[in-house]
Amino acid sequence: MNRKQILSWCLFDFANSSYSAVIAAVVFQVFYINRIVGNESGRGDLWWGAAISTSMLAVALSSPFLGGIADHAGLRKRMLGVYTSICIIAVACFPLLRPGEALLGFVLIVLANIGMEGGLVFYNSFLPRIAPADHHGRVSGWGFGVGYAGSILSLLIALRWPGPAASTPSGSW
């Protein structure tokens, strides 16, 4: 086993778990639902759910096809890079969103989540290449643990960071 490859694989989990915690689950989700769309009648929840569902449907339909191409052509690392770049670019555009820009936010969320979830297909495909079969569970567990550390650290930073909530009179979204 190559320790540098395993460490790199685990650190990728650290980063992608930060996305899951801050963007998909806690901070940005609440911001989009309540500030960008507005949720007085549940409209924000509807837009968020539709964006996540759309992105997951796209990943579910494309992954077997693109995974096969990546395996056959030796493009796993390149595909992981493309999907990761899509996620990063979409997330980098989130600060451009203003209240009422539900459709733009929808598109950015769909792209970010396709980048994140689609990239996991290729990320996971590296485990058999970096660890022997009798160590898959152990290495996967290390990645899972490092990912949880990434989630916790990123949430602590994001929740302490002054952001849009600091500019509202009540201090909440």
# chains A, B, ... in the order shown; residues from 1 in each chain; ligands from 1
>>> select_by_dssp(residues="chain A", states="alpha helix (DSSP H)", output="ChimeraX atom specification")
/A:3-19,27-31,43-73,76-93,102-124,127-130,136-160
>>> closest_atom_pairs(of="region 72-165 of chain A", to="region 11-32 of chain A", cutoff="10 Å", atoms="only C-alpha atoms", output="JSON lines")
{"residue": "A:Thr84", "atom": "CA", "partner": "A:Asn16", "partner_atom": "CA", "distance": 9.2}
{"residue": "A:Cys87", "atom": "CA", "partner": "A:Tyr19", "partner_atom": "CA", "distance": 9.3}
{"residue": "A:Ile88", "atom": "CA", "partner": "A:Tyr19", "partner_atom": "CA", "distance": 9.7}
{"residue": "A:Val91", "atom": "CA", "partner": "A:Ile23", "partner_atom": "CA", "distance": 8.4}
{"residue": "A:Phe94", "atom": "CA", "partner": "A:Phe28", "partner_atom": "CA", "distance": 8.7}
{"residue": "A:Leu97", "atom": "CA", "partner": "A:Tyr32", "partner_atom": "CA", "distance": 8.8}
{"residue": "A:Arg98", "atom": "CA", "partner": "A:Tyr32", "partner_atom": "CA", "distance": 9.4}
{"residue": "A:Pro99", "atom": "CA", "partner": "A:Tyr32", "partner_atom": "CA", "distance": 8.5}
{"residue": "A:Gly100", "atom": "CA", "partner": "A:Tyr32", "partner_atom": "CA", "distance": 9.8}
{"residue": "A:Glu101", "atom": "CA", "partner": "A:Tyr32", "partner_atom": "CA", "distance": 9.4}
{"residue": "A:Ala102", "atom": "CA", "partner": "A:Tyr32", "partner_atom": "CA", "distance": 8.0}
{"residue": "A:Gly105", "atom": "CA", "partner": "A:Tyr32", "partner_atom": "CA", "distance": 7.4}
{"residue": "A:Phe106", "atom": "CA", "partner": "A:Tyr32", "partner_atom": "CA", "distance": 9.1}
{"residue": "A:Ile109", "atom": "CA", "partner": "A:Ala24", "partner_atom": "CA", "distance": 8.9}
{"residue": "A:Ala112", "atom": "CA", "partner": "A:Ile23", "partner_atom": "CA", "distance": 9.3}
{"residue": "A:Asn113", "atom": "CA", "partner": "A:Ala24", "partner_atom": "CA", "distance": 8.2}
{"residue": "A:Met116", "atom": "CA", "partner": "A:Asn16", "partner_atom": "CA", "distance": 7.2}
{"residue": "A:Glu117", "atom": "CA", "partner": "A:Asn16", "partner_atom": "CA", "distance": 9.3}
{"residue": "A:Gly119", "atom": "CA", "partner": "A:Asn16", "partner_atom": "CA", "distance": 9.5}
{"residue": "A:Leu120", "atom": "CA", "partner": "A:Asn16", "partner_atom": "CA", "distance": 8.7}
{"residue": "A:Tyr123", "atom": "CA", "partner": "A:Phe12", "partner_atom": "CA", "distance": 8.3}
{"residue": "A:Asn124", "atom": "CA", "partner": "A:Asp13", "partner_atom": "CA", "distance": 10.0}
{"residue": "A:Ser140", "atom": "CA", "partner": "A:Asp13", "partner_atom": "CA", "distance": 9.8}
{"residue": "A:Trp142", "atom": "CA", "partner": "A:Asp13", "partner_atom": "CA", "distance": 9.4}
{"residue": "A:Gly143", "atom": "CA", "partner": "A:Asp13", "partner_atom": "CA", "distance": 5.8}
{"residue": "A:Phe144", "atom": "CA", "partner": "A:Asp13", "partner_atom": "CA", "distance": 7.0}
{"residue": "A:Gly145", "atom": "CA", "partner": "A:Phe14", "partner_atom": "CA", "distance": 8.5}
{"residue": "A:Val146", "atom": "CA", "partner": "A:Phe14", "partner_atom": "CA", "distance": 5.4}
{"residue": "A:Gly147", "atom": "CA", "partner": "A:Phe14", "partner_atom": "CA", "distance": 4.0}
{"residue": "A:Tyr148", "atom": "CA", "partner": "A:Ser17", "partner_atom": "CA", "distance": 6.8}
{"residue": "A:Ala149", "atom": "CA", "partner": "A:Phe14", "partner_atom": "CA", "distance": 6.7}
{"residue": "A:Gly150", "atom": "CA", "partner": "A:Phe14", "partner_atom": "CA", "distance": 4.4}
{"residue": "A:Ser151", "atom": "CA", "partner": "A:Ser18", "partner_atom": "CA", "distance": 4.5}
{"residue": "A:Ile152", "atom": "CA", "partner": "A:Ser18", "partner_atom": "CA", "distance": 7.8}
{"residue": "A:Leu153", "atom": "CA", "partner": "A:Ser18", "partner_atom": "CA", "distance": 7.9}
{"residue": "A:Ser154", "atom": "CA", "partner": "A:Ser18", "partner_atom": "CA", "distance": 5.6}
{"residue": "A:Leu155", "atom": "CA", "partner": "A:Val22", "partner_atom": "CA", "distance": 5.9}
{"residue": "A:Leu156", "atom": "CA", "partner": "A:Val22", "partner_atom": "CA", "distance": 9.6}
{"residue": "A:Ile157", "atom": "CA", "partner": "A:Val22", "partner_atom": "CA", "distance": 9.6}
{"residue": "A:Ala158", "atom": "CA", "partner": "A:Val22", "partner_atom": "CA", "distance": 7.1}
{"residue": "A:Leu159", "atom": "CA", "partner": "A:Val27", "partner_atom": "CA", "distance": 7.6}
{"residue": "A:Pro164", "atom": "CA", "partner": "A:Phe31", "partner_atom": "CA", "distance": 8.2}
{"residue": "A:Ala165", "atom": "CA", "partner": "A:Phe31", "partner_atom": "CA", "distance": 8.5}
>>> residues_around(residues="Asp45 (chain A)", least_positions_apart="3", cutoff="12 Å", atoms="only C-alpha atoms", output="list in words")
Gln29, Val30, Phe31, Tyr32, Ile33, Asn34, Arg35, Ile36, Val37, Gly38, Asn39, Glu40, Ser41, Gly42, Trp48, Gly49, Ala50, Ala51, Ile52, Ser53, Ala102 and Phe106 of chain A
>>> closest_residue(among="A:Ala73, A:Val139, A:Ile114, A:Leu127", to="Ala60 (chain A)", atoms="only C-alpha atoms")
A:Ile114
>>> closest_residue(among="A:Gly115, A:Gly67, A:Pro132, A:Gly137", to="Tyr83 (chain A)", atoms="only C-alpha atoms")
A:Gly115
>>> atom_distance(atom1="CA of Arg129 (chain A)", atom2="CA of Gly81 (chain A)")
17.2 Å
>>> closest_residue(among="A:Gly118, A:Ser125, A:His135, A:Met79", to="Leu61 (chain A)", atoms="only C-alpha atoms")
A:Gly118
>>> atom_distance(atom1="CA of Val107 (chain A)", atom2="CA of Pro95 (chain A)")
13.9 Å
